[in-house]
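Asker: Please see the structure below; I have some questions.
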Amino acid sequence: MSFEAEKLEKAILIGAIHGRVDEQSVNEHLDELELLSETAGAEIVGRVTQRLLKINPTFFIGKGKAEQIVRQAKELDADLLIFDEDLNPAQTKNFQGLSDNLKVIDRSALILDIFRKHAKTKEAKTQVELAHLQYILPRLTRMWTHLERQMGGIGARAGAGETQIEVDRRLIRQRIGKLKKELNRIDRERVTQGKRRKDQFKVAIVGYTNAGKSTLMQALTGEKIYIQDQLFATLDTTIRSVSFKGTHSFLLSDTVGFIRKLPHHLVASFRSTLKEVIEGDLILIVLDASSQQVMEHLETIRTVLKELKADKHQTLLVLNKIDLIHGSARIAYLKRIFPDGILVSALNHLRIDQLMKNITTVMDESAQTVNVFFPFDQGRELAIAQEGVEVLERSYDDDGVRLKIRGSPQRINRILLSTEK
């Protein structure tokens, strides 16, 4: 069955209450898993939770509960079991052994499936395929029997179904090697393209998926950006030039959203796409202010930034979607726990000017001011030196032109180097 088929795959969601994860958190996590499942094309027909003292190495949950879930799936005519936790290959195989017609996937497989659905460009498709192959490689031998039964559908898109049976480890490793080389080539092209932008101040938008990042980018740039109220609506980086009141200009980038338990292979594969975040001068962390999981979302974003080694970057916290908040108590709460947060509504353009002022304040704090001199016969160099900076003063004497300019440290350094030649 393909994603585009009219009949949706019926799914049961499974969560476990264990360790520091309480019942309320599990239910919130299953709410998110339901959104993910619907994005992938599933119809949710049931939800199951079980309290565990420890993880069962055979079925993740207890054997009796596993058998009960399989019976429930048959009664509900379900095709698919989706675990909110990651399963090891043996657990997946053991569940498959309880039912010939039931497919079992975990959260990582579901997210990979959504990424495969939304990958449009060659780079995104390459990154997702690499992450997918790295995910299935350690599962290949134990997945062998149940892959015959998968026959496509959620968790099996783009080659993880029956045809994958014919692919052995050696061929997968060869394909992984080829994909890595292709991504290295794309990355080199990105570096070449980025050289033209390296003197400009860079602002990167990051946020939990569906927090309104693309809407915020549209509000800041005034340009039409692809927007869809769906998890992981876009996987590619969008970069736009932004000017504020004619005195400040910067590059603004928006890339793939983050989510709790984002598969490690995806983060690794998308490292080149996320390079705009890594190389940013300022990171805007966007949160959905109306979400009850706002603190957990922030922790997830910080975890991914740390994995990207971008956790030391200067940040501004943007609390978006305040238009969805009713009552002053919630606003007061957000101001208390996020005293430095900037409350905005990107959709309604509320307090966007305040956010822009905060961005320019950061730019001014890092900017350098210098005096430079250009003889009259260096007209070209003079013109280039005035690009990407603010000219504070300009004066003329008998020998040439003197400028007092302010700009990013990178840009100022390049101008000073040009005057020394």
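So you can find residues: chains in the structure tokens are A, B, ... in the order shown, residues in each start at 1, and ligands are numbered from 1 in order.
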Write out as a PyMOL selection string the set of residues from stretch 29-173 of chain A that DSSP, computed on the backbone, places in strand (DSSP E).

Answerer: chain A and resi 42-51+80-83+103-106

Asker: Measuring atom to atom with only C-alpha atoms, identify which of A:Val286, A:Leu235, A:Ala42, A:Ile301 is nearest to A:Ala119.

Answerer: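 Ranking A:Val286, A:Leu235, A:Ala42, A:Ile301 by distance to A:Ala119, first place goes to A:Leu235.
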